[in-house]
Structures are given as C-alpha cells and as structure tokens.
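Data block for entry_36.txt (compact mmCIF, C-alpha atoms):
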# COMPACT_ATOMS: atom_id res chain seq x y z
CA MET A 22 -2.74 5.17 -18.64
CA LEU A 23 -2.51 4.20 -14.98
CA PHE A 24 -5.14 1.50 -15.43
CA ARG A 25 -3.19 -0.06 -18.29
CA LEU A 26 -0.01 -0.05 -16.19
CA PHE A 27 -1.93 -1.51 -13.28
CA LEU A 28 -3.26 -4.33 -15.46
CA PHE A 29 0.23 -4.99 -16.81
CA ARG A 30 1.66 -5.22 -13.27
CA VAL A 31 -1.11 -7.62 -12.23
CA LEU A 32 -0.38 -9.90 -15.18
CA GLU A 33 3.32 -9.75 -14.35
CA SER A 34 2.61 -10.95 -10.81
CA LEU A 35 0.74 -14.10 -11.89
CA PRO A 36 3.91 -16.15 -12.60
CA THR A 37 5.25 -15.14 -9.18
CA ILE A 38 2.11 -16.38 -7.44
CA PHE A 39 2.15 -19.61 -9.45
CA GLY A 40 5.82 -20.12 -8.57
CA VAL A 41 5.11 -19.61 -4.86
CA VAL A 42 2.21 -22.09 -4.93
CA THR A 43 4.34 -24.71 -6.71
CA LEU A 44 7.46 -24.25 -4.58
CA VAL A 45 5.59 -24.30 -1.26
CA PHE A 46 3.61 -27.40 -2.24
CA PHE A 47 6.64 -29.51 -3.11
CA LEU A 48 8.83 -28.22 -0.27
CA LEU A 49 6.15 -29.05 2.29
CA HIS A 50 5.93 -32.61 1.03
CA LEU A 51 9.70 -32.98 1.35
CA VAL A 52 9.61 -32.05 5.05
CA PRO A 53 9.97 -35.16 7.27
CA GLY A 54 6.82 -36.19 9.09
CA ASP A 55 3.42 -37.64 8.29
CA PRO A 56 0.17 -35.72 8.89
CA VAL A 57 -1.59 -39.04 9.48
CA ASP A 58 0.75 -39.75 12.41
CA ALA A 59 0.10 -36.23 13.70
CA LEU A 60 -3.64 -36.83 13.53
CA LEU A 61 -3.91 -40.42 14.79
CA GLY A 62 -0.66 -40.81 16.70
CA GLU A 63 2.20 -43.15 15.91
CA THR A 64 0.61 -45.97 17.92
CA ALA A 65 -2.50 -46.19 15.72
CA LEU A 66 -3.16 -49.35 13.73
CA ALA A 67 -1.66 -49.52 10.25
CA ALA A 68 -5.08 -50.23 8.74
CA ASP A 69 -6.54 -47.10 10.33
CA LYS A 70 -3.63 -45.01 9.08
CA GLU A 71 -4.00 -46.35 5.56
CA ALA A 72 -7.75 -45.74 5.54
CA LEU A 73 -7.26 -42.14 6.64
CA ARG A 74 -4.48 -41.64 4.10
CA VAL A 75 -6.79 -42.84 1.32
CA SER A 76 -9.66 -40.64 2.51
CA MET A 77 -7.39 -37.56 2.38
CA HIS A 78 -5.93 -38.58 -1.03
CA LEU A 79 -2.44 -38.74 0.46
CA ASP A 80 -1.95 -42.15 -1.17
CA GLU A 81 -2.04 -40.60 -4.64
CA PRO A 82 1.15 -39.64 -6.51
CA LEU A 83 2.57 -36.25 -5.63
CA TYR A 84 1.92 -34.80 -9.08
CA ALA A 85 -1.75 -35.85 -8.86
CA GLN A 86 -2.10 -34.13 -5.48
CA TYR A 87 -0.47 -31.02 -6.93
CA LEU A 88 -2.77 -30.90 -9.97
CA GLN A 89 -5.77 -31.40 -7.71
CA TYR A 90 -4.63 -28.55 -5.45
CA VAL A 91 -3.98 -26.12 -8.32
CA SER A 92 -7.30 -27.03 -9.93
CA GLY A 93 -9.08 -26.28 -6.68
CA LEU A 94 -7.37 -22.88 -6.37
CA THR A 95 -8.47 -21.87 -9.87
CA GLN A 96 -12.05 -22.60 -8.78
CA GLY A 97 -11.71 -20.68 -5.53
CA GLU A 98 -11.44 -23.79 -3.36
CA TRP A 99 -8.64 -23.56 -0.82
CA GLY A 100 -9.13 -27.09 0.48
CA THR A 101 -9.88 -28.54 3.91
CA SER A 102 -7.66 -28.68 6.97
CA ILE A 103 -6.32 -32.16 7.64
CA ILE A 104 -6.42 -31.71 11.41
CA SER A 105 -9.64 -29.78 12.06
CA GLN A 106 -11.51 -30.80 8.88
CA ARG A 107 -12.62 -27.18 8.43
CA ASP A 108 -12.46 -25.02 5.33
CA ILE A 109 -9.02 -23.40 4.92
CA TRP A 110 -10.39 -19.99 4.02
CA ALA A 111 -12.69 -20.02 7.07
CA LEU A 112 -9.71 -20.72 9.36
CA ILE A 113 -7.63 -17.97 7.74
CA SER A 114 -10.51 -15.49 7.87
CA GLU A 115 -10.80 -15.97 11.62
CA ARG A 116 -7.13 -15.05 12.13
CA LEU A 117 -6.74 -12.24 9.61
CA PRO A 118 -8.37 -9.48 11.74
CA ALA A 119 -5.84 -10.01 14.55
CA THR A 120 -2.93 -9.83 12.11
CA ALA A 121 -4.41 -6.78 10.41
CA GLN A 122 -4.75 -5.03 13.77
CA LEU A 123 -1.13 -5.78 14.67
CA ALA A 124 0.11 -4.78 11.22
CA ALA A 125 -1.77 -1.47 11.26
CA SER A 126 -0.50 -0.49 14.71
CA SER A 127 3.08 -1.48 13.78
CA LEU A 128 3.04 0.52 10.56
CA LEU A 129 1.58 3.53 12.37
CA LEU A 130 4.32 3.35 15.00
CA ALA A 131 6.93 3.03 12.24
CA ILE A 132 5.68 6.22 10.55
CA VAL A 133 5.52 8.17 13.81
CA LEU A 134 9.11 7.22 14.66
CA ALA A 135 10.75 7.10 11.23
CA LEU A 136 9.82 10.43 9.67
CA PRO A 137 10.94 12.68 12.57
CA LEU A 138 14.12 10.62 13.04
CA GLY A 139 14.97 10.74 9.34
CA MET A 140 14.31 14.47 9.12
CA VAL A 141 16.34 15.28 12.25
CA ALA A 142 19.23 13.09 11.10
CA ALA A 143 19.29 14.77 7.68
CA ARG A 144 18.82 18.29 9.04
CA PHE A 145 21.71 17.88 11.50
CA GLN A 146 23.94 15.70 9.34
CA GLY A 147 27.15 14.70 11.12
CA LYS A 148 26.08 16.19 14.44
CA SER A 149 25.04 14.47 17.67
CA GLN A 150 21.35 14.42 16.66
CA ASP A 151 22.25 12.56 13.48
CA LYS A 152 24.43 10.05 15.32
CA LEU A 153 21.76 9.41 17.95
CA ALA A 154 19.03 8.86 15.37
CA MET A 155 21.19 6.53 13.28
CA THR A 156 22.24 4.60 16.39
CA PHE A 157 18.57 3.91 17.09
CA SER A 158 18.15 2.89 13.45
CA LEU A 159 21.13 0.54 13.63
CA LEU A 160 19.79 -1.09 16.79
CA GLY A 161 16.35 -1.47 15.25
CA VAL A 162 17.76 -3.22 12.19
CA SER A 163 20.19 -5.41 14.15
CA ILE A 164 18.01 -6.68 17.02
CA PRO A 165 15.82 -9.62 15.90
CA ASN A 166 12.18 -9.90 16.95
CA PHE A 167 12.69 -13.28 18.62
CA TRP A 168 15.13 -11.61 21.06
CA LEU A 169 13.47 -8.21 21.45
CA GLY A 170 10.06 -9.75 22.17
CA PRO A 171 11.13 -11.77 25.24
CA MET A 172 13.18 -8.82 26.52
CA LEU A 173 10.12 -6.55 26.31
CA MET A 174 8.02 -9.13 28.14
CA LEU A 175 10.69 -9.56 30.79
CA VAL A 176 10.94 -5.81 31.49
CA PHE A 177 7.39 -4.53 31.06
CA SER A 178 5.41 -7.63 32.05
CA VAL A 179 7.50 -9.60 34.54
CA PHE A 180 9.54 -6.90 36.30
CA LEU A 181 7.28 -3.85 36.03
CA GLY A 182 3.91 -5.59 35.61
CA TRP A 183 2.59 -2.82 33.36
CA LEU A 184 1.45 -4.91 30.39
CA PRO A 185 0.14 -8.45 29.78
CA VAL A 186 2.66 -11.09 28.75
CA SER A 187 0.81 -12.60 25.78
CA GLY A 188 -2.52 -13.04 24.02
CA MET A 189 -4.87 -10.29 22.90
CA GLU A 190 -7.73 -10.44 25.42
CA ALA A 191 -6.26 -8.17 28.09
CA SER A 192 -6.15 -4.39 27.77
CA GLY A 193 -2.88 -3.15 26.34
CA SER A 194 -1.89 -6.56 25.00
CA ILE A 195 -1.12 -5.10 21.58
CA VAL A 196 1.52 -2.67 22.88
CA LEU A 197 4.50 -5.02 23.21
CA PRO A 198 4.09 -6.85 19.87
CA THR A 199 3.56 -3.49 18.20
CA ILE A 200 6.84 -2.19 19.62
CA ALA A 201 8.65 -5.38 18.59
CA MET A 202 7.48 -5.09 14.98
CA GLY A 203 7.19 -1.33 14.62
CA THR A 204 10.70 -0.42 15.76
CA ALA A 205 12.30 -2.68 13.15
CA LEU A 206 10.18 -1.10 10.41
CA ALA A 207 10.91 2.40 11.73
CA ALA A 208 14.66 1.72 11.62
CA VAL A 209 14.57 0.90 7.91
CA LEU A 210 12.26 3.80 7.03
CA SER A 211 14.27 6.36 9.01
CA ARG A 212 17.48 5.47 7.19
CA MET A 213 15.68 5.74 3.86
CA ALA A 214 14.14 9.09 4.86
CA ARG A 215 17.54 10.49 5.89
CA ALA A 216 19.27 9.36 2.70
CA SER A 217 16.44 10.61 0.49
CA TRP A 218 16.30 13.99 2.22
CA LEU A 219 20.05 14.51 1.83
CA ASP A 220 19.97 13.47 -1.84
CA SER A 221 17.08 15.80 -2.61
CA MET A 222 18.83 18.72 -0.88
CA GLN A 223 21.79 18.22 -3.22
CA SER A 224 19.65 18.05 -6.37
CA ASP A 225 19.79 20.62 -9.16
CA ALA A 226 16.23 21.76 -8.44
CA VAL A 227 17.04 22.63 -4.82
CA ARG A 228 20.32 24.31 -5.75
CA THR A 229 18.49 26.43 -8.31
CA ALA A 230 15.81 27.38 -5.79
CA ARG A 231 18.48 28.29 -3.24
CA ALA A 232 20.24 30.48 -5.81
CA MET A 233 16.95 32.27 -6.43
CA GLY A 234 16.75 33.19 -2.74
CA VAL A 235 14.30 30.61 -1.45
CA SER A 236 14.63 30.21 2.32
CA GLU A 237 16.14 27.04 3.81
CA THR A 238 12.90 26.29 5.65
CA THR A 239 10.96 26.29 2.38
CA LEU A 240 13.64 24.18 0.73
CA TRP A 241 13.47 21.58 3.48
CA TRP A 242 9.71 21.40 3.94
CA LYS A 243 8.43 22.02 0.43
CA HIS A 244 10.88 21.34 -2.41
CA SER A 245 12.99 18.69 -0.71
CA ALA A 246 10.13 16.96 1.10
CA ARG A 247 8.26 16.44 -2.16
CA MET A 248 11.21 14.63 -3.75
CA THR A 249 11.89 12.69 -0.56
CA ALA A 250 8.34 11.34 -0.55
CA ILE A 251 8.88 9.17 -3.65
CA PRO A 252 11.44 6.67 -2.27
CA VAL A 253 10.05 6.83 1.27
CA VAL A 254 6.49 6.06 0.19
CA THR A 255 7.79 3.26 -2.03
CA MET A 256 9.76 1.75 0.84
CA PHE A 257 6.75 2.07 3.14
CA ALA A 258 4.59 0.18 0.65
CA LEU A 259 7.19 -2.58 0.44
CA GLN A 260 7.39 -2.73 4.24
CA MET A 261 3.67 -3.47 4.27
CA GLY A 262 4.51 -6.78 2.63
CA ALA A 263 7.25 -7.48 5.16
CA VAL A 264 4.79 -7.03 8.03
CA LEU A 265 3.17 -10.42 7.48
CA GLY A 266 6.56 -12.10 7.30
CA GLY A 267 7.59 -10.53 10.57
CA ALA A 268 4.23 -11.38 12.10
CA VAL A 269 5.08 -15.08 11.99
CA ILE A 270 7.85 -14.58 14.56
CA THR A 271 6.19 -11.82 16.58
CA GLU A 272 2.84 -13.58 16.89
CA THR A 273 4.57 -16.79 17.97
CA VAL A 274 6.58 -15.00 20.66
CA PHE A 275 3.58 -13.11 22.05
CA ASP A 276 1.00 -15.88 21.38
CA TRP A 277 -0.95 -13.39 19.25
CA PRO A 278 -3.79 -15.34 17.57
CA GLY A 279 -3.16 -14.15 14.03
CA LEU A 280 -2.15 -15.59 10.69
CA GLY A 281 1.52 -15.94 11.68
CA LEU A 282 0.72 -18.11 14.70
CA LEU A 283 -1.73 -20.13 12.60
CA THR A 284 1.07 -20.81 10.10
CA ILE A 285 3.40 -22.11 12.82
CA GLU A 286 0.65 -24.30 14.29
CA ALA A 287 -0.10 -25.74 10.86
CA ILE A 288 3.58 -26.50 10.22
CA GLN A 289 3.94 -28.24 13.58
CA SER A 290 0.90 -30.44 12.92
CA ARG A 291 1.93 -31.17 9.29
CA ASP A 292 -1.36 -29.71 8.08
CA TYR A 293 -0.26 -29.32 4.45
CA PRO A 294 -3.38 -27.62 3.02
CA LEU A 295 -3.49 -25.08 5.86
CA VAL A 296 0.22 -24.23 5.53
CA GLN A 297 -0.21 -23.79 1.79
CA GLY A 298 -3.19 -21.49 2.35
CA CYS A 299 -1.34 -19.36 4.92
CA VAL A 300 1.76 -19.03 2.76
CA LEU A 301 -0.38 -18.20 -0.27
CA ILE A 302 -2.05 -15.34 1.65
CA ILE A 303 1.37 -14.00 2.72
CA ALA A 304 2.64 -14.24 -0.87
CA LEU A 305 -0.44 -12.45 -2.20
CA PHE A 306 0.09 -9.71 0.37
CA TYR A 307 3.71 -9.32 -0.76
CA VAL A 308 2.63 -9.11 -4.41
CA ALA A 309 -0.07 -6.57 -3.53
CA ALA A 310 2.48 -4.47 -1.59
CA ASN A 311 4.88 -4.47 -4.54
CA LEU A 312 2.04 -3.55 -6.87
CA LEU A 313 1.04 -0.70 -4.57
CA ALA A 314 4.65 0.52 -4.47
CA ASP A 315 4.80 0.56 -8.29
CA LEU A 316 1.53 2.46 -8.59
CA LEU A 317 2.55 5.01 -5.95
CA ASN A 318 5.82 5.54 -7.80
CA LEU A 319 3.96 6.17 -11.04
CA TRP A 320 1.55 8.55 -9.33
CA LEU A 321 4.22 10.55 -7.47
CA ASP A 322 6.73 10.65 -10.34
CA PRO A 323 5.00 11.35 -13.68
CA ARG A 324 8.34 10.92 -15.50
CA GLN A 325 8.10 7.15 -15.02
CA ARG A 326 4.85 6.99 -16.98
CA GLU A 327 6.76 7.99 -20.10
CA THR A 328 9.20 5.08 -19.90
How does the structure come out when it is put into structure tokens?
Amino acid sequence: MLFRLFLFRVLESLPTIFGVVTLVFFLLHLVPGDPVDALLGETALAADKEALRVSMHLDEPLYAQYLQYVSGLTQGEWGTSIISQRDIWALISERLPATAQLAASSLLLAIVLALPLGMVAARFQGKSQDKLAMTFSLLGVSIPNFWLGPMLMLVFSVFLGWLPVSGMEASGSIVLPTIAMGTALAAVLSRMARASWLDSMQSDAVRTARAMGVSETTLWWKHSARMTAIPVVTMFALQMGAVLGGAVITETVFDWPGLGLLTIEAIQSRDYPLVQGCVLIIALFYVAANLLADLLNLWLDPRQRET
C-alpha cells in the first residue's frame, strides 16, 4: 500500500521537475548579460567571441539549446560549465558536503529549540512563558538571514573575537551560519508545535481520556504528543526543503563554500549550465522533502491511507 502511494507521489512530482527545468532555462536566457563577455571580457575581438559562441552552441536557436539540454538530462548528462569547462555534476558534488553539513546542524538546532519552546508555550498558554516563547518565534520569523548574519559576525567575530568571520576551515566556523539558519527554522516549528499541542489537547480523544481520570501529565506527554507529532513532523520535513533555499543567502553572507554560494557565483558569471544544475538540485531536494512529508503523514496517520 505504502509503496503504491510512494510510486504515485513520485509520478506526480515529474511534471513539477520538468516545469522547473523549463522555467529556469528560459528565465536565465532572458537575464541581461553574455557568458562569452564574462569569459573573454568585453574588449575581446569579435571573431574570438563568435568562435567561442559557436563552440559552446550559444549561436543556435533557443529552442534547439533547450531540447539539447533536456535530452542530455534524460541521459544523465548535466552539461559542462562555461567558465571552468568542468562537468556540472562534479562541481556540484564538491559543494554538496558543505551544504549538507550546514543543513544538518541547522535542522538539529531547530529541533532542539523548537520542541521545548512549543511545549512550554502550549503548557503555559497566555502566561509569561508563552509570551516569551512566541516573542522569540516572532523575531525568528521576522529577522532575515541577510541582516542576522552580519549582526552575528559583528558581535561574535569582530567585537568579541570568539568565532571566525567566514569560511569553513577554522574551528567553530559552522556556529554562526548554523545560528542564522537554525533560528529561523526553529521559529516556524515552535509556532506549529504550540498550535498543534493546543489543538490536540482540545480534541475529543483527550477530553474522553480526561473524563476517564487520566492524569494531565499523561495527557500532555502521551495522548496529546502523539497527535501533535503528525503536523510537526510534516512541517519539519517541508523545512528540510527550505534549508537549501535559505542556504543561498546564508552561504553567501558567511562565504560558506556550499551549493548556495556556488549558485550565486554561477549567476554572477552567467554560467547558464551551472546555474541550471544548481537550481535543479535545489528543486529535486524540495520535491524529495514534500514526498517525505507525504509519506510520514501516511505512516503516522493510518486514516489517510483509506482516502
């Protein structure tokens, strides 16, 4: 049953991936700028520019370039970087471990912060603990990474000198980018945890258990927590997809050599194939996160398997 639903979800995601590939390809070619100028410089001879343009098939009609690109993807060929002349997948593979490390630490920090905050806020609804937890959540949602990152560097690197400013070579270099990404994720998850916990405590199942004499501690940590897990786990799975999107900004701010920084570098150099490869990886990660969220929902809530 679950395998059939999994296969159905995978087939459903194929049009999304195809749409992303198509949209990114044509939007990139509408952006002003010429990769040949970026590679040779604007002062290069016209003959040299034309020869390079022909060698990279940039002289062909846009639809022909698109069909060639899609055909290569179906055969597992991601293309070659215009700037470095290296295989796209090789370039992405070099940067993925750094992004995976940052994503894992950010998600771990989000869990450590969000679950206690959400539980405390729900347990003490309307009291000072609730207001304090939700104030943190509001700040986490409202403060953008491109502002929080420099502020963290200014305080902990420049003024206090505790942590390195950027890069990933020095010890502790992952701390600041993890805080910048993880707090935003924790803010969203904590609000979801609070709302889910309060909803589950008002459900018929919990009211029935309370009427039967079940203690409040058991209601909170057993009956209610089980129902709370469904939306929280789903949101967490979806946040896994958002991590790569947020990594583009965070990695640029902290000069973290991951996929996000590679995407920005490729955009700046008009390296069309590399940008398309990076965006395709991010889109695939989003699709995989949504697929994981669906499967976790089906596993945690057997009622959905009957629909």
Item to complete: Find the residues around stretch 112-128 of chain A up to 6 Å (all atoms listed in the file counted), leave out those fewer than 3 positions away in its own chain, and share them as a count of residues only.
Response: 7
Worksheet item: Smallest atom-to-atom distance to A:Glu237: which of A:Leu181, A:Met213, A:Ala205, A:Arg144, using all atoms listed in the file?
Response: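 Looking only at the distances to A:Glu237, the closest residue turns out to be A:Arg144.
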Worksheet item: In Å to one decimal, how far is atom CA of A:Leu295 from atom CA of A:Ile103?
Response: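 One can read the atom CA of A:Ile103 to atom CA of A:Leu295 distance as 7.8 Å.
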Worksheet item: Nearest to A:Arg30: which of A:Asp315, A:Asp225, A:Glu98, A:Asp108 is it, counting all atoms listed in the file?
Response: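 The shortest atom-to-atom distance to A:Arg30 comes from A:Asp315.
When atom CA of A:Leu197 is paired with atom CA of A:Leu313, their separation reads 28.3 Å.
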Practice prompt. Tell me which protein, DNA and RNA residues are within 12 Å of A:Gly100, counting only C-alpha atoms, leaving out same-chain ones fewer than 3 positions away, and put them as a ChimeraX atom specification.
Written response: /A:77,86,89-97,103,105-113,292-299
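The gap separating atom CA of A:Ser221 from atom CA of A:Thr238 is 14.0 Å, in Å to one decimal.
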Worksheet item: Which residue, A:Leu35, A:Ala314, A:Leu44, A:Val52, has the smallest gap to A:Val300 when you use all atoms listed in the file?
Response: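 When distances to A:Val300 are compared using all atoms listed in the file, the smallest one comes from A:Leu44.
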Output stretch 290-318 of chain A with N, CA and C atoms present, as a short mmCIF file (atom, residue, chain, number, x, y, z; two decimals), in the frame of the given file.
data_model
loop_
_atom_site.label_atom_id
_atom_site.label_comp_id
_atom_site.auth_asym_id
_atom_site.auth_seq_id
_atom_site.Cartn_x
_atom_site.Cartn_y
_atom_site.Cartn_z
N SER A 290 1.83 -29.31 13.02
CA SER A 290 0.90 -30.44 12.92
C SER A 290 0.91 -31.09 11.54
N ARG A 291 1.83 -30.64 10.66
CA ARG A 291 1.93 -31.17 9.29
C ARG A 291 0.61 -31.04 8.53
N ASP A 292 -0.09 -29.96 8.76
CA ASP A 292 -1.36 -29.71 8.08
C ASP A 292 -1.04 -29.03 6.74
N TYR A 293 -0.73 -29.85 5.72
CA TYR A 293 -0.26 -29.32 4.45
C TYR A 293 -1.20 -28.30 3.81
N PRO A 294 -2.49 -28.60 3.67
CA PRO A 294 -3.38 -27.62 3.02
C PRO A 294 -3.43 -26.28 3.75
N LEU A 295 -3.42 -26.32 5.09
CA LEU A 295 -3.49 -25.08 5.86
C LEU A 295 -2.21 -24.27 5.72
N VAL A 296 -1.05 -24.94 5.74
CA VAL A 296 0.22 -24.23 5.53
C VAL A 296 0.24 -23.58 4.15
N GLN A 297 -0.19 -24.33 3.14
CA GLN A 297 -0.21 -23.79 1.79
C GLN A 297 -1.13 -22.58 1.70
N GLY A 298 -2.28 -22.62 2.37
CA GLY A 298 -3.19 -21.49 2.35
C GLY A 298 -2.61 -20.27 3.04
N CYS A 299 -1.95 -20.48 4.18
CA CYS A 299 -1.34 -19.36 4.92
C CYS A 299 -0.22 -18.72 4.11
N VAL A 300 0.64 -19.56 3.54
CA VAL A 300 1.76 -19.03 2.76
C VAL A 300 1.25 -18.33 1.51
N LEU A 301 0.19 -18.85 0.91
CA LEU A 301 -0.38 -18.20 -0.27
C LEU A 301 -0.90 -16.81 0.07
N ILE A 302 -1.56 -16.66 1.22
CA ILE A 302 -2.05 -15.34 1.65
C ILE A 302 -0.88 -14.38 1.85
N ILE A 303 0.19 -14.85 2.50
CA ILE A 303 1.37 -14.00 2.72
C ILE A 303 1.99 -13.60 1.39
N ALA A 304 2.08 -14.55 0.45
CA ALA A 304 2.64 -14.24 -0.87
C ALA A 304 1.78 -13.24 -1.62
N LEU A 305 0.46 -13.40 -1.54
CA LEU A 305 -0.44 -12.45 -2.20
C LEU A 305 -0.30 -11.06 -1.60
N PHE A 306 -0.08 -11.00 -0.29
CA PHE A 306 0.09 -9.71 0.37
C PHE A 306 1.38 -9.05 -0.10
N TYR A 307 2.46 -9.85 -0.25
CA TYR A 307 3.71 -9.32 -0.76
C TYR A 307 3.54 -8.78 -2.18
N VAL A 308 2.86 -9.54 -3.02
CA VAL A 308 2.63 -9.11 -4.41
C VAL A 308 1.81 -7.83 -4.44
N ALA A 309 0.77 -7.77 -3.59
CA ALA A 309 -0.07 -6.57 -3.53
C ALA A 309 0.74 -5.36 -3.05
N ALA A 310 1.65 -5.57 -2.09
CA ALA A 310 2.48 -4.47 -1.59
C ALA A 310 3.42 -3.97 -2.68
N ASN A 311 4.01 -4.89 -3.44
CA ASN A 311 4.88 -4.47 -4.54
C ASN A 311 4.09 -3.74 -5.63
N LEU A 312 2.89 -4.22 -5.89
CA LEU A 312 2.04 -3.55 -6.87
C LEU A 312 1.67 -2.15 -6.41
N LEU A 313 1.36 -2.01 -5.12
CA LEU A 313 1.04 -0.70 -4.57
C LEU A 313 2.24 0.23 -4.66
N ALA A 314 3.44 -0.30 -4.38
CA ALA A 314 4.65 0.52 -4.47
C ALA A 314 4.87 1.02 -5.90
N ASP A 315 4.65 0.15 -6.89
CA ASP A 315 4.80 0.56 -8.29
C ASP A 315 3.82 1.66 -8.66
N LEU A 316 2.57 1.48 -8.24
CA LEU A 316 1.53 2.46 -8.59
C LEU A 316 1.78 3.80 -7.91
N LEU A 317 2.23 3.77 -6.65
CA LEU A 317 2.55 5.01 -5.95
C LEU A 317 3.72 5.73 -6.61
N ASN A 318 4.69 4.95 -7.08
CA ASN A 318 5.82 5.54 -7.80
C ASN A 318 5.35 6.24 -9.07
#
